Amino acid sequence: MIIPRMERHNGPNRIPARPPFPAAAIGIGALSLLCVLSGTLQAQSPAKPPAGAGKLVPIPIQLPKPMFEGTPQNLTVPNLQKPLGRPRDPFLAPAGVTNVAKGKKVTSSDMEPVIGEIEQVTDGDKKGAEGSFVELGPGVQHVTVDLGATHEVFAVLFWHFHKTPRVYLDVVVQLADDADFKTNVRTVFNNDQDNTSGLGAGKDMNFVETAEGKLVDAKGSRARYVRVSSKGNNANELNHYVEVEVFGRPAK
């Protein structure tokens, strides 16, 4: 278990919460929590299978145990996705696709986390309890996974924090050929609708964190580096990462 660096951390909400969103924001009352059992569950199927993919099978996702039960509090967050109300459908990919991010090198915009160590982002611990997540400072922060070589990436699955129902803001998922994200950069998820993070305006929806994590369809894109960015959450201005998984296979 990682011991928090107490001199830099005074609790999960040490930075004041952001001002409430305007009244025009969508108020979500009585959100139905996804009833997810621990064990092997999968995500939704891709809209269009990759060309020449051959036989498609569900990717092998191991979900952590849910850490909260019941109906989440009212969340006045704009553009908020409604919960599915059931486990996700299987996400299909070519046979042999696995989590190629586990144990791989991770770098971050904040290499001295408030809590935890950057290496935890790919250590396989998805429980989300104290000692299972990394806490980064306020503002736009990211974690970047180096897959070690070019891979065909079919899905990116990540957990920011699932001890309580939160919404992380300006979430952007990108793929690139280089560590500096200057060559062949592709954005596969972006809910920063007003481009406050400077990575471009996105059209995806905000989502509530649960033990299922957020799964993004990468459509078999070829890349070596995978980056997930965020800009605080609806509870405070800090950024958290429990785990990032990348489902793919070495590129031929």
# chains A, B, ... in the order shown; residues from 1 in each chain; ligands from 1
>>> select_by_dssp(residues="range 98-223 of chain A", states="strand (DSSP E)", output="MDAnalysis selection string")
chainID A and resid 98:99 105:108 134:136 141:159 172:176 186:190 214:223
>>> residues_around(residues="Asp217 in chain A", least_positions_apart="3", cutoff="8 Å", atoms="only C-alpha atoms", output="ChimeraX atom specification")
/A:46,154-156,188
>>> write_last_selection(atoms="C-alpha atoms", output="PDB file, in the first residue's frame")
ATOM      1  CA  PRO A  46     -17.879  -1.532 -31.671  1.00  0.00           C
ATOM      2  CA  PHE A 154      -9.186  -1.602 -30.147  1.00  0.00           C
ATOM      3  CA  ALA A 155     -10.315  -0.196 -26.788  1.00  0.00           C
ATOM      4  CA  VAL A 156      -9.085   1.996 -23.948  1.00  0.00           C
ATOM      5  CA  VAL A 188     -10.777   8.899 -29.735  1.00  0.00           C
TER       6      VAL A 188
END
>>> closest_residue(among="A:Val173, A:Val185, A:Ile61, A:Val153", to="Gln141 in chain A", atoms="only C-alpha atoms")
A:Val173
>>> atom_distance(atom1="CA of Leu80 in chain A", atom2="CA of Val167 in chain A")
8.7 Å
>>> residues_around(residues="range 234-245 of chain A", least_positions_apart="2", cutoff="8 Å", atoms="only C-alpha atoms", output="number ranges by chain")
A: 13-18, 77, 99-102, 120-128, 132-139, 141, 156-161, 166-169, 230-232, 247
>>> closest_residue(among="A:Leu63, A:Val97, A:Leu75, A:Leu56", to="Ala211 in chain A", atoms="only C-alpha atoms")
A:Leu63
>>> residues_around(residues="Asn190 in chain A", least_positions_apart="2", cutoff="8 Å", atoms="only C-alpha atoms", output="count of residues only")
12
>>> residues_around(residues="Ala149 in chain A", least_positions_apart="5", cutoff="12 Å", atoms="only C-alpha atoms", output="PDB file with C-alpha atoms, in the first residue's frame")
ATOM      1  CA  VAL A 100      -1.276  -4.658 -23.477  1.00  0.00           C
ATOM      2  CA  ALA A 101      -0.851  -1.796 -20.978  1.00  0.00           C
ATOM      3  CA  LYS A 104       4.013  -0.799 -19.063  1.00  0.00           C
ATOM      4  CA  LYS A 105       5.849   2.476 -18.453  1.00  0.00           C
ATOM      5  CA  ALA A 176       0.018   8.967 -30.924  1.00  0.00           C
ATOM      6  CA  ASP A 177       3.165   7.561 -32.478  1.00  0.00           C
ATOM      7  CA  ASP A 178       5.521   9.598 -30.262  1.00  0.00           C
ATOM      8  CA  ALA A 179       5.823  10.397 -26.552  1.00  0.00           C
ATOM      9  CA  ARG A 222      -2.205   1.816 -34.751  1.00  0.00           C
ATOM     10  CA  ALA A 223      -0.309   3.624 -31.985  1.00  0.00           C
ATOM     11  CA  ARG A 224       2.430   3.233 -29.412  1.00  0.00           C
ATOM     12  CA  TYR A 225       1.327   5.850 -26.870  1.00  0.00           C
ATOM     13  CA  VAL A 226      -2.034   6.274 -25.147  1.00  0.00           C
ATOM     14  CA  GLY A 248      -4.843  -4.422 -28.438  1.00  0.00           C
ATOM     15  CA  ARG A 249      -2.257  -6.593 -30.161  1.00  0.00           C
ATOM     16  CA  PRO A 250       1.184  -5.964 -31.666  1.00  0.00           C
ATOM     17  CA  ALA A 251       0.964  -4.376 -35.106  1.00  0.00           C
ATOM     18  CA  LYS A 252       2.190  -6.504 -37.985  1.00  0.00           C
TER      19      LYS A 252
END
